[in-house]
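Structure file structure_13.cif (mmCIF, C-alpha atoms and all ligand atoms) is printed below.
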data_run
#
loop_
_atom_site.group_PDB
_atom_site.id
_atom_site.type_symbol
_atom_site.label_atom_id
_atom_site.label_comp_id
_atom_site.auth_asym_id
_atom_site.auth_seq_id
_atom_site.Cartn_x
_atom_site.Cartn_y
_atom_site.Cartn_z
ATOM 1 C CA MET A 1 18.553 -0.698 10.573
ATOM 2 C CA LYS A 2 15.232 0.676 9.586
ATOM 3 C CA TRP A 3 14.077 1.705 6.149
ATOM 4 C CA VAL A 4 14.874 5.386 6.673
ATOM 5 C CA SER A 5 17.391 7.438 4.766
ATOM 6 C CA LYS A 6 19.662 8.017 7.759
ATOM 7 C CA ASP A 7 20.066 4.286 8.297
ATOM 8 C CA MET A 8 20.699 3.752 4.606
ATOM 9 C CA ASP A 9 23.851 5.852 4.894
ATOM 10 C CA MET A 10 25.004 3.404 7.513
ATOM 11 C CA TYR A 11 23.986 0.467 5.337
ATOM 12 C CA LEU A 12 25.859 1.759 2.324
ATOM 13 C CA GLY A 13 28.973 2.181 4.447
ATOM 14 C CA ALA A 14 28.807 -1.246 6.081
ATOM 15 C CA LYS A 15 26.981 -3.511 3.634
ATOM 16 C CA GLU A 16 29.190 -6.505 4.309
ATOM 17 C CA TYR A 17 28.047 -6.569 7.931
ATOM 18 C CA VAL A 18 24.342 -6.537 7.143
ATOM 19 C CA ASP A 19 23.534 -10.068 6.078
ATOM 20 C CA THR A 20 19.968 -10.395 7.306
ATOM 21 C CA VAL A 21 16.766 -8.923 5.976
ATOM 22 C CA VAL A 22 13.465 -9.061 7.837
ATOM 23 C CA LEU A 23 10.131 -8.597 6.112
ATOM 24 C CA PRO A 24 7.034 -8.486 8.305
ATOM 25 C CA LEU A 25 4.014 -10.049 6.593
ATOM 26 C CA LEU A 26 0.916 -8.061 7.452
ATOM 27 C CA PRO A 27 -2.597 -9.174 6.475
ATOM 28 C CA ILE A 28 -5.475 -6.794 5.827
ATOM 29 C CA SER A 29 -9.131 -7.646 5.479
ATOM 30 C CA PHE A 30 -12.317 -5.611 5.491
ATOM 31 C CA GLY A 31 -14.517 -8.625 6.007
ATOM 32 C CA ASP A 32 -15.356 -10.686 9.068
ATOM 33 C CA ASP A 33 -11.742 -10.918 10.182
ATOM 34 C CA LEU A 34 -11.177 -7.197 10.006
ATOM 35 C CA LYS A 35 -10.364 -6.919 13.681
ATOM 36 C CA GLN A 36 -8.334 -10.077 13.711
ATOM 37 C CA THR A 37 -6.114 -8.987 10.857
ATOM 38 C CA ALA A 38 -5.713 -5.582 12.458
ATOM 39 C CA SER A 39 -4.511 -7.090 15.707
ATOM 40 C CA MET A 40 -2.122 -9.403 13.834
ATOM 41 C CA THR A 41 -0.649 -6.442 12.034
ATOM 42 C CA GLU A 42 -0.490 -4.436 15.233
ATOM 43 C CA PHE A 43 1.187 -7.211 17.173
ATOM 44 C CA ILE A 44 3.888 -7.860 14.608
ATOM 45 C CA SER A 45 4.568 -4.171 14.092
ATOM 46 C CA LEU A 46 5.020 -3.769 17.837
ATOM 47 C CA LEU A 47 7.575 -6.560 17.941
ATOM 48 C CA THR A 48 9.626 -5.266 15.042
ATOM 49 C CA ILE A 49 10.645 -2.088 16.886
ATOM 50 C CA PRO A 50 12.680 -3.664 19.722
ATOM 51 C CA LEU A 51 13.917 -6.388 17.406
ATOM 52 C CA GLU A 52 15.397 -3.833 15.073
ATOM 53 C CA ARG A 53 16.931 -2.016 18.013
ATOM 54 C CA GLN A 54 18.554 -5.141 19.320
ATOM 55 C CA PHE A 55 20.175 -6.060 16.002
ATOM 56 C CA LYS A 56 20.493 -2.698 14.341
ATOM 57 C CA GLY A 57 23.913 -3.348 12.875
ATOM 58 C CA ARG A 58 23.184 -6.712 11.327
ATOM 59 C CA LEU A 59 19.647 -6.718 10.075
ATOM 60 C CA MET A 60 17.595 -4.587 7.789
ATOM 61 C CA MET A 61 14.042 -4.253 9.031
ATOM 62 C CA LEU A 62 11.783 -3.515 6.105
ATOM 63 C CA PRO A 63 8.393 -1.874 6.314
ATOM 64 C CA GLY A 64 5.991 -4.772 6.089
ATOM 65 C CA TYR A 65 4.487 -6.460 3.080
ATOM 66 C CA THR A 66 0.770 -5.795 3.387
ATOM 67 C CA TYR A 67 -1.553 -8.016 1.421
ATOM 68 C CA LEU A 68 -5.236 -8.835 1.376
ATOM 69 C CA LYS A 69 -6.144 -11.770 3.545
ATOM 70 C CA SER A 70 -8.226 -13.014 0.635
ATOM 71 C CA ASP A 71 -5.196 -13.212 -1.688
ATOM 72 C CA SER A 72 -4.534 -16.766 -2.791
ATOM 73 C CA ASP A 73 -1.541 -18.748 -1.521
ATOM 74 C CA ASP A 74 -0.118 -18.713 -5.001
ATOM 75 C CA SER A 75 -0.236 -15.018 -5.494
ATOM 76 C CA ARG A 76 1.367 -14.345 -2.111
ATOM 77 C CA LEU A 77 4.015 -16.936 -2.764
ATOM 78 C CA GLN A 78 4.796 -15.357 -6.070
ATOM 79 C CA VAL A 79 5.352 -11.991 -4.425
ATOM 80 C CA ILE A 80 7.674 -13.589 -1.865
ATOM 81 C CA LYS A 81 9.647 -15.292 -4.621
ATOM 82 C CA HIS A 82 10.058 -11.944 -6.268
ATOM 83 C CA TRP A 83 11.327 -10.391 -3.025
ATOM 84 C CA GLU A 84 13.723 -13.268 -2.522
ATOM 85 C CA THR A 85 15.316 -12.831 -5.919
ATOM 86 C CA GLU A 86 15.917 -9.217 -5.069
ATOM 87 C CA PHE A 87 17.232 -9.991 -1.558
ATOM 88 C CA LYS A 88 19.747 -12.463 -2.874
ATOM 89 C CA LYS A 89 20.852 -10.109 -5.574
ATOM 90 C CA SER A 90 21.515 -7.531 -2.861
ATOM 91 C CA GLY A 91 23.712 -9.913 -0.925
ATOM 92 C CA PHE A 92 21.464 -10.887 1.990
ATOM 93 C CA LYS A 93 22.220 -14.336 3.362
ATOM 94 C CA HIS A 94 19.372 -14.659 5.838
ATOM 95 C CA MET A 95 15.828 -13.861 4.805
ATOM 96 C CA ILE A 96 13.317 -13.833 7.601
ATOM 97 C CA TYR A 97 9.594 -13.195 7.549
ATOM 98 C CA ILE A 98 7.654 -12.610 10.720
ATOM 99 C CA THR A 99 3.909 -12.859 10.794
ATOM 100 C CA SER A 100 0.882 -13.733 12.914
ATOM 101 C CA ASP A 101 -1.113 -14.917 9.913
ATOM 102 C CA SER A 102 -1.363 -18.699 10.026
ATOM 103 C CA GLY A 103 -2.065 -18.612 6.292
ATOM 104 C CA TRP A 104 1.686 -18.688 5.769
ATOM 105 C CA ARG A 105 2.190 -21.961 7.556
ATOM 106 C CA THR A 106 0.936 -23.955 4.620
ATOM 107 C CA ILE A 107 3.360 -22.334 2.212
ATOM 108 C CA GLU A 108 6.368 -21.681 4.407
ATOM 109 C CA ASP A 109 8.195 -24.687 2.994
ATOM 110 C CA LYS A 110 8.021 -23.176 -0.437
ATOM 111 C CA CYS A 111 9.730 -19.992 0.703
ATOM 112 C CA GLU A 112 13.486 -19.993 0.677
ATOM 113 C CA GLY A 113 13.682 -17.740 3.699
ATOM 114 C CA THR A 114 12.421 -18.593 7.162
ATOM 115 C CA VAL A 115 8.875 -17.838 8.193
ATOM 116 C CA ILE A 116 8.602 -17.116 11.904
ATOM 117 C CA TRP A 117 5.026 -17.470 12.950
ATOM 118 C CA LEU A 118 3.881 -15.941 16.216
ATOM 119 C CA PRO A 119 0.260 -16.220 17.290
ATOM 120 C CA SER A 120 -1.027 -12.720 17.958
ATOM 121 C CA LEU A 121 -2.137 -11.974 21.498
ATOM 122 C CA PRO A 122 -5.172 -9.980 22.571
ATOM 123 C CA LEU A 123 -3.052 -7.062 23.729
ATOM 124 C CA GLU A 124 -5.925 -4.608 23.808
ATOM 125 C CA ASN A 125 -7.483 -6.283 26.828
ATOM 126 C CA MET A 126 -4.350 -6.396 28.931
ATOM 127 C CA ASP A 127 -3.175 -3.846 31.400
ATOM 128 C CA GLU A 128 0.019 -2.152 30.443
ATOM 129 C CA LYS A 129 2.359 -3.878 32.840
ATOM 130 C CA TYR A 130 1.212 -7.347 31.892
ATOM 131 C CA ARG A 131 1.265 -6.426 28.242
ATOM 132 C CA ASN A 132 4.841 -5.206 28.427
ATOM 133 C CA SER A 133 6.033 -8.307 30.194
ATOM 134 C CA ILE A 134 4.365 -10.496 27.569
ATOM 135 C CA LEU A 135 5.906 -8.496 24.769
ATOM 136 C CA GLU A 136 9.303 -8.644 26.423
ATOM 137 C CA ASP A 137 8.992 -12.376 26.651
ATOM 138 C CA GLN A 138 8.124 -12.684 22.971
ATOM 139 C CA ILE A 139 10.973 -10.406 21.972
ATOM 140 C CA GLY A 140 13.352 -12.457 24.095
ATOM 141 C CA GLN A 141 12.341 -15.566 22.209
ATOM 142 C CA LEU A 142 12.734 -13.847 18.877
ATOM 143 C CA ILE A 143 16.194 -12.600 19.787
ATOM 144 C CA HIS A 144 17.172 -16.084 20.790
ATOM 145 C CA LEU A 145 15.924 -17.461 17.486
ATOM 146 C CA PHE A 146 17.935 -14.971 15.494
ATOM 147 C CA VAL A 147 21.143 -15.598 17.410
ATOM 148 C CA LYS A 148 20.707 -19.316 16.971
ATOM 149 C CA LYS A 149 20.112 -18.932 13.289
ATOM 150 C CA TRP A 150 23.284 -16.939 12.882
ATOM 151 C CA GLN A 151 25.281 -19.416 14.937
ATOM 152 C CA ASN A 152 24.099 -22.336 12.870
ATOM 153 C CA ASN A 153 24.534 -20.220 9.787
ATOM 154 C CA ASP A 154 21.399 -21.521 8.114
ATOM 155 C CA MET B 1 5.374 81.295 15.022
ATOM 156 C CA SER B 2 5.307 78.110 13.122
ATOM 157 C CA LYS B 3 2.143 76.253 13.261
ATOM 158 C CA GLN B 4 3.037 72.592 13.393
ATOM 159 C CA ARG B 5 -0.344 71.399 12.463
ATOM 160 C CA VAL B 6 -0.684 67.753 11.739
ATOM 161 C CA THR B 7 -2.525 67.358 8.505
ATOM 162 C CA ARG B 8 -5.066 64.664 7.956
ATOM 163 C CA ARG B 9 -2.649 62.902 5.581
ATOM 164 C CA GLN B 10 0.229 62.914 8.069
ATOM 165 C CA PHE B 11 -1.991 61.672 10.807
ATOM 166 C CA LEU B 12 -3.092 58.702 8.727
ATOM 167 C CA ASN B 13 0.499 57.983 7.741
ATOM 168 C CA TYR B 14 1.685 57.872 11.326
ATOM 169 C CA THR B 15 -1.095 55.699 12.582
ATOM 170 C CA LEU B 16 -0.904 53.240 9.705
ATOM 171 C CA THR B 17 2.866 52.826 10.044
ATOM 172 C CA GLY B 18 2.422 52.305 13.753
ATOM 173 C CA VAL B 19 -0.322 49.748 13.420
ATOM 174 C CA GLY B 20 1.379 48.033 10.479
ATOM 175 C CA GLY B 21 4.627 47.720 12.419
ATOM 176 C CA PHE B 22 2.777 46.256 15.305
ATOM 177 C CA MET B 23 1.117 43.695 13.079
ATOM 178 C CA ALA B 24 4.401 42.766 11.413
ATOM 179 C CA ALA B 25 6.018 42.255 14.803
ATOM 180 C CA GLY B 26 3.072 40.119 15.828
ATOM 181 C CA MET B 27 3.663 37.895 12.847
ATOM 182 C CA LEU B 28 7.433 37.786 13.026
ATOM 183 C CA MET B 29 7.852 37.091 16.708
ATOM 184 C CA PRO B 30 6.325 33.615 16.709
ATOM 185 C CA MET B 31 8.336 32.779 13.600
ATOM 186 C CA VAL B 32 11.562 33.759 15.281
ATOM 187 C CA ARG B 33 10.585 31.880 18.395
ATOM 188 C CA PHE B 34 9.757 28.865 16.292
ATOM 189 C CA ALA B 35 13.181 28.950 14.676
ATOM 190 C CA VAL B 36 15.056 29.411 17.932
ATOM 191 C CA ASP B 37 12.964 27.056 20.030
ATOM 192 C CA PRO B 38 14.672 23.761 19.086
ATOM 193 C CA VAL B 39 17.972 25.268 20.167
ATOM 194 C CA LEU B 40 16.542 26.157 23.559
ATOM 195 C CA LYS B 41 14.855 22.792 23.917
ATOM 196 C CA HIS B 42 18.082 20.967 23.323
ATOM 197 C CA ASN B 43 19.457 21.879 26.715
ATOM 198 C CA ALA B 44 16.467 20.357 28.452
ATOM 199 C CA ALA B 45 17.412 16.956 26.997
ATOM 200 C CA GLY B 46 20.536 16.932 29.150
ATOM 201 C CA ASP B 47 18.347 16.288 32.182
ATOM 202 C CA TYR B 48 18.639 13.231 34.356
ATOM 203 C CA VAL B 49 16.032 10.505 34.317
ATOM 204 C CA VAL B 50 15.322 8.727 37.575
ATOM 205 C CA THR B 51 15.276 4.950 37.196
ATOM 206 C CA LYS B 52 13.656 2.284 39.348
ATOM 207 C CA GLN B 53 17.071 1.019 40.431
ATOM 208 C CA LYS B 54 17.855 1.532 44.120
ATOM 209 C CA ILE B 55 21.465 2.576 44.546
ATOM 210 C CA ASP B 56 22.160 0.377 47.549
ATOM 211 C CA GLU B 57 20.985 -2.680 45.612
ATOM 212 C CA ILE B 58 23.632 -2.315 42.936
ATOM 213 C CA THR B 59 26.243 -5.083 43.165
ATOM 214 C CA ASN B 60 29.403 -6.068 41.361
ATOM 215 C CA GLU B 61 27.358 -7.940 38.783
ATOM 216 C CA PRO B 62 26.126 -5.805 35.872
ATOM 217 C CA VAL B 63 22.335 -5.644 35.663
ATOM 218 C CA ARG B 64 20.071 -4.215 33.017
ATOM 219 C CA VAL B 65 18.289 -1.045 34.011
ATOM 220 C CA ASP B 66 15.582 0.172 31.650
ATOM 221 C CA PHE B 67 14.306 3.690 31.874
ATOM 222 C CA SER B 68 11.771 5.596 29.812
ATOM 223 C CA PHE B 69 11.323 9.245 29.109
ATOM 224 C CA GLU B 70 9.497 11.490 26.709
ATOM 225 C CA GLN B 71 11.509 12.658 23.769
ATOM 226 C CA LYS B 72 10.573 15.570 21.550
ATOM 227 C CA ASP B 73 11.540 15.277 17.923
ATOM 228 C CA ALA B 74 10.475 18.560 16.373
ATOM 229 C CA TRP B 75 6.705 18.478 16.869
ATOM 230 C CA TYR B 76 6.510 14.817 17.665
ATOM 231 C CA THR B 77 6.719 13.509 21.195
ATOM 232 C CA SER B 78 7.416 9.860 21.753
ATOM 233 C CA GLU B 79 8.256 7.668 24.666
ATOM 234 C CA VAL B 80 11.757 6.306 24.446
ATOM 235 C CA THR B 81 13.094 3.415 26.477
ATOM 236 C CA ASN B 82 16.808 3.339 27.109
ATOM 237 C CA THR B 83 18.880 0.707 28.784
ATOM 238 C CA ALA B 84 21.994 0.841 30.913
ATOM 239 C CA TRP B 85 24.265 -1.874 32.276
ATOM 240 C CA VAL B 86 24.860 -0.918 35.894
ATOM 241 C CA TYR B 87 27.285 -2.272 38.512
ATOM 242 C CA LYS B 88 29.793 -1.218 41.150
ATOM 243 C CA ASP B 89 33.457 -1.474 40.254
ATOM 244 C CA GLU B 90 36.134 -2.725 42.657
ATOM 245 C CA ASN B 91 36.378 0.721 44.272
ATOM 246 C CA GLY B 92 32.649 0.703 44.948
ATOM 247 C CA GLU B 93 32.080 3.327 42.250
ATOM 248 C CA ILE B 94 28.901 3.002 40.233
ATOM 249 C CA VAL B 95 29.399 2.389 36.529
ATOM 250 C CA ALA B 96 26.501 2.804 34.083
ATOM 251 C CA LEU B 97 27.302 1.738 30.536
ATOM 252 C CA SER B 98 25.294 2.261 27.378
ATOM 253 C CA PRO B 99 24.420 -1.075 25.723
ATOM 254 C CA VAL B 100 24.763 0.325 22.223
ATOM 255 C CA CYS B 101 27.611 -1.417 20.409
ATOM 256 C CA LYS B 102 30.149 1.052 19.045
ATOM 257 C CA HIS B 103 30.501 -0.923 15.842
ATOM 258 C CA LEU B 104 27.104 -0.635 14.164
ATOM 259 C CA GLY B 105 24.738 -0.098 17.047
ATOM 260 C CA CYS B 106 23.392 -3.488 18.114
ATOM 261 C CA THR B 107 22.579 -4.057 21.782
ATOM 262 C CA VAL B 108 25.292 -5.779 23.804
ATOM 263 C CA ASP B 109 24.640 -8.333 26.512
ATOM 264 C CA TRP B 110 26.556 -9.201 29.650
ATOM 265 C CA ASN B 111 28.140 -12.604 29.951
ATOM 266 C CA THR B 112 26.287 -14.343 27.143
ATOM 267 C CA ASP B 113 29.228 -15.652 25.148
ATOM 268 C CA ALA B 114 30.374 -18.958 26.590
ATOM 269 C CA THR B 115 33.922 -18.589 25.265
ATOM 270 C CA HIS B 116 34.333 -15.131 26.806
ATOM 271 C CA PRO B 117 32.697 -15.081 30.225
ATOM 272 C CA GLU B 118 32.572 -11.812 32.171
ATOM 273 C CA HIS B 119 32.547 -9.737 29.019
ATOM 274 C CA PHE B 120 29.991 -7.616 27.237
ATOM 275 C CA PHE B 121 29.191 -9.425 24.030
ATOM 276 C CA CYS B 122 27.609 -8.163 20.826
ATOM 277 C CA PRO B 123 25.852 -10.975 18.961
ATOM 278 C CA CYS B 124 25.892 -9.152 15.655
ATOM 279 C CA HIS B 125 29.550 -9.455 14.713
ATOM 280 C CA ASN B 126 31.018 -10.905 17.912
ATOM 281 C CA GLY B 127 32.120 -7.595 19.349
ATOM 282 C CA LEU B 128 33.644 -7.873 22.830
ATOM 283 C CA TYR B 129 34.148 -5.432 25.677
ATOM 284 C CA THR B 130 35.714 -6.004 29.060
ATOM 285 C CA LYS B 131 33.630 -5.350 32.157
ATOM 286 C CA ASP B 132 34.665 -1.691 32.268
ATOM 287 C CA GLY B 133 33.237 -1.307 28.770
ATOM 288 C CA VAL B 134 36.558 -1.111 26.953
ATOM 289 C CA ASN B 135 36.510 -2.746 23.542
ATOM 290 C CA VAL B 136 38.692 -5.813 23.046
ATOM 291 C CA PRO B 137 41.110 -5.177 20.166
ATOM 292 C CA GLY B 138 40.682 -7.558 17.271
ATOM 293 C CA THR B 139 36.890 -7.439 17.493
ATOM 294 C CA PRO B 140 34.897 -5.028 15.303
ATOM 295 C CA PRO B 141 34.120 -2.209 17.795
ATOM 296 C CA ALA B 142 36.683 0.606 17.698
ATOM 297 C CA ALA B 143 35.711 2.424 20.892
ATOM 298 C CA PRO B 144 34.573 1.677 24.439
ATOM 299 C CA LEU B 145 30.896 1.693 25.352
ATOM 300 C CA ASP B 146 29.477 5.114 26.190
ATOM 301 C CA VAL B 147 29.082 5.979 29.855
ATOM 302 C CA TYR B 148 26.035 7.512 31.472
ATOM 303 C CA PRO B 149 26.704 10.206 34.060
ATOM 304 C CA TYR B 150 24.630 9.429 37.134
ATOM 305 C CA LYS B 151 23.143 11.036 40.211
ATOM 306 C CA ASP B 152 21.679 9.812 43.430
ATOM 307 C CA VAL B 153 18.079 10.977 43.705
ATOM 308 C CA ASP B 154 16.649 9.932 47.078
ATOM 309 C CA GLY B 155 18.453 6.608 46.928
ATOM 310 C CA TYR B 156 17.476 5.924 43.326
ATOM 311 C CA LEU B 157 19.819 5.950 40.374
ATOM 312 C CA ALA B 158 19.264 8.819 37.934
ATOM 313 C CA LEU B 159 21.006 8.742 34.573
ATOM 314 C CA GLY B 160 21.967 11.524 32.212
ATOM 315 C CA LYS B 161 22.897 11.434 28.567
ATOM 316 C CA ALA B 162 25.456 8.764 27.648
ATOM 317 C CA GLU B 163 28.854 10.161 26.698
ATOM 318 C CA PRO B 164 31.517 8.653 24.460
ATOM 319 C CA ARG B 165 35.039 7.793 25.650
ATOM 320 C CA LYS B 166 38.426 7.401 23.975
ATOM 321 C CA GLY B 167 39.258 4.148 22.137
ATOM 322 C CA ALA B 168 41.385 1.269 23.412
HETATM 323 S S1 LIG C 1 27.354 -4.150 15.826
HETATM 324 FE FE1 LIG C 1 28.349 -4.976 17.557
HETATM 325 S S2 LIG C 1 29.990 -6.049 16.630
HETATM 326 FE FE2 LIG C 1 29.001 -5.178 14.930
#

Can you give me the file's structure in the form of C-alpha cells?
Ligand code: FES
Amino acid sequence: MKWVSKDMDMYLGAKEYVDTVVLPLLPISFGDDLKQTASMTEFISLLTIPLERQFKGRLMMLPGYTYLKSDSDDSRLQVIKHWETEFKKSGFKHMIYITSDSGWRTIEDKCEGTVIWLPSLPLENMDEKYRNSILEDQIGQLIHLFVKKWQNND
Amino acid sequence: MSKQRVTRRQFLNYTLTGVGGFMAAGMLMPMVRFAVDPVLKHNAAGDYVVTKQKIDEITNEPVRVDFSFEQKDAWYTSEVTNTAWVYKDENGEIVALSPVCKHLGCTVDWNTDATHPEHFFCPCHNGLYTKDGVNVPGTPPAAPLDVYPYKDVDGYLALGKAEPRKGA
C-alpha cells in the first residue's frame, strides 16, 4: 500500500498481513552532483511504483526519506535508527531501504533493515522502449529479492 | 384608450433583468456542467482497450498481456498499465483474468509456486487460485479473480473493465 489515506483504511483493517515496510532513500544536492542525485532519486521513485503494485497487500511503501548528500554517515544513520525503532514498534518484521546512493553501502551493516542498492541508470538518454525493458528487468529482480526474503524469513 | 407607454424606469428595469439573467446563466451553466461532467465521463471508462495480443496466438497456457490507457482522475490524466492473464480454456473459449489478488490486492503469478503447479499464486500470503481463477479454499482470498470482458478487434484482443464473480 501507498502512504495515502485510502490505503490506510486497508492497512488498519489488515495490519497483521502487512509485515514489510519499504523506505526509499533519496539524496539531494545542489552542488556538483546535482544532476546525479536527481537521477538517483528519479530512478528509485520510478521503481517504487510497480513494486508497490506488485506487493500491495503485504508491504507499505513510504514516501522517501530525502536527505542532503552532504549529510554525514552518522547523522543519516541516526535518522535510520530512529525510523527503525518506530517500524518495530508498529509491528513491521521486514524493513527494507532502496536507494541508488552508494553512500549507504558503507553503513548498511549498521542498519537493522536491509539496504537494497541499485545503481541508477541514465534513463534520460534511452528511447522509451529500451527504457521500459530495462526498468522491467530491474523490477523483476527486485520482486525476486522480496519473495526470497519472505521465504527465508530474514 | 389606454396609453401603454413604457416609462424610462420600466425600460431600464426590463433590460437590466434581461441582461442580468443572461449573465447569471452564463456563470451557472459551466458550474452545472462541471458538476455533472464526472458522471458523464464515467461511462466512457467502460470502453475496450485493444491490446497487442493476437487472438489466434492465444494458447492453453496463460500469458501476461499488458495494456495501457489514459485514465482521467478528476482533472488529472495519467497513463495506467493493466495486466491480464489470458488463455483458451478446454472449450477454446478465451479467458482473461485480472491479476489482482482478491485478498489484499497483490499481483498474482501463473505457475510460480513449486508445490502447486498450474495454479495462480499470490506471493504475499500464499493465496491460490485454480486455472479458471477460482480461489482455493483455505487460502486467504475469499473470491475468484475478476474477469475481463473481451472483444475481437481485427484479430487483436480488446479488453474491457474487469468484473467480479461469486466466491468459491
Ligand atoms: S494479497 Fe494475495 S494472498 Fe494476501

May I have the residues within 7 Å of region 34-51 of chain A as an MDAnalysis selection string, using only C-alpha atoms and disregarding those fewer than 3 positions away in the same chain? chainID A and resid 26:31 54:55 99:101 120 139

Could you please determine the separation between CA of Thr20 (chain A) and CA of Gly57 (chain A) in Å, to one decimal place? 9.8 Å

Name the residues, by chain letter and number, that sit within 8 Å of ligand LIG 1 (chain C) using all atoms listed in the file, and give them as number ranges by chain. A: 17, 55-58; B: 100-108, 121-128, 139-141

Please evaluate the PyMOL selection byres (((chain B and resi 82) around 12) and not hetatm) against the structure above and give the resulting residues as a PyMOL selection string. (chain A and resi 50+53-54) or (chain B and resi 49-51+64-71+79-81+83-85+96-100+107+148+159-162)

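Relative to CA of Gly103 (chain A), CA of Asp71 (chain A) is found at 10.1 Å.
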
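What the PyMOL selection byres (((chain A and resi 135-137) around 10) and not hetatm) picks from this file is Phe43, Leu46, Leu47, Pro50, Leu121, Leu123, Lys129, Tyr130, Arg131, Asn132, Ser133, Ile134, Gln138, Ile139, Gly140, Gln141, Leu142 and Ile143 of chain A.
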
Extract, using only C-alpha atoms, all DNA, RNA and protein residues at most 8 Å from Ile98 (chain A), discarding same-chain residues fewer than 2 positions from it, and format them as a PyMOL selection string. chain A and resi 22-25+44+96+100+115-118

Pairwise distance for CA of Lys15 (chain A) and CA of Tyr97 (chain A), rounded to one decimal in Å: 20.3 Å

Nearest-residue call for chain B, choices A:Pro122, A:His94, A:Val147, A:Lys89, using only C-alpha atoms: A:Val147

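The protein and nucleic acid residues lying at most 12 Å from Glu61 (chain B) are Glu57, Ile58, Thr59, Val63, Arg64, Trp85, Val86, Tyr87, Lys88, Asp89, Glu90, Gly92, Ile94, Val95, Ala96, Trp110, Asn111, Glu118, His119, Phe120, Lys131 and Asp132 of chain B, with only C-alpha atoms considered and sequence neighbours fewer than 2 positions away removed.
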
Expected file contents, prior selection, C-alpha atoms, as a PDB file, in the coordinates of the input:
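This is the output file part_32.pdb:
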ATOM      1  CA  GLU B  57      20.985  -2.680  45.612  1.00  0.00           C
ATOM      2  CA  ILE B  58      23.632  -2.315  42.936  1.00  0.00           C
ATOM      3  CA  THR B  59      26.243  -5.083  43.165  1.00  0.00           C
ATOM      4  CA  VAL B  63      22.335  -5.644  35.663  1.00  0.00           C
ATOM      5  CA  ARG B  64      20.071  -4.215  33.017  1.00  0.00           C
ATOM      6  CA  TRP B  85      24.265  -1.874  32.276  1.00  0.00           C
ATOM      7  CA  VAL B  86      24.860  -0.918  35.894  1.00  0.00           C
ATOM      8  CA  TYR B  87      27.285  -2.272  38.512  1.00  0.00           C
ATOM      9  CA  LYS B  88      29.793  -1.218  41.150  1.00  0.00           C
ATOM     10  CA  ASP B  89      33.457  -1.474  40.254  1.00  0.00           C
ATOM     11  CA  GLU B  90      36.134  -2.725  42.657  1.00  0.00           C
ATOM     12  CA  GLY B  92      32.649   0.703  44.948  1.00  0.00           C
ATOM     13  CA  ILE B  94      28.901   3.002  40.233  1.00  0.00           C
ATOM     14  CA  VAL B  95      29.399   2.389  36.529  1.00  0.00           C
ATOM     15  CA  ALA B  96      26.501   2.804  34.083  1.00  0.00           C
ATOM     16  CA  TRP B 110      26.556  -9.201  29.650  1.00  0.00           C
ATOM     17  CA  ASN B 111      28.140 -12.604  29.951  1.00  0.00           C
ATOM     18  CA  GLU B 118      32.572 -11.812  32.171  1.00  0.00           C
ATOM     19  CA  HIS B 119      32.547  -9.737  29.019  1.00  0.00           C
ATOM     20  CA  PHE B 120      29.991  -7.616  27.237  1.00  0.00           C
ATOM     21  CA  LYS B 131      33.630  -5.350  32.157  1.00  0.00           C
ATOM     22  CA  ASP B 132      34.665  -1.691  32.268  1.00  0.00           C
TER      23      ASP B 132
END

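Nearest-residue note for chain B: choosing from A:Met95, A:Leu62, A:Met126, A:Glu16, the minimum distance belongs to A:Glu16, counting all atoms listed in the file.
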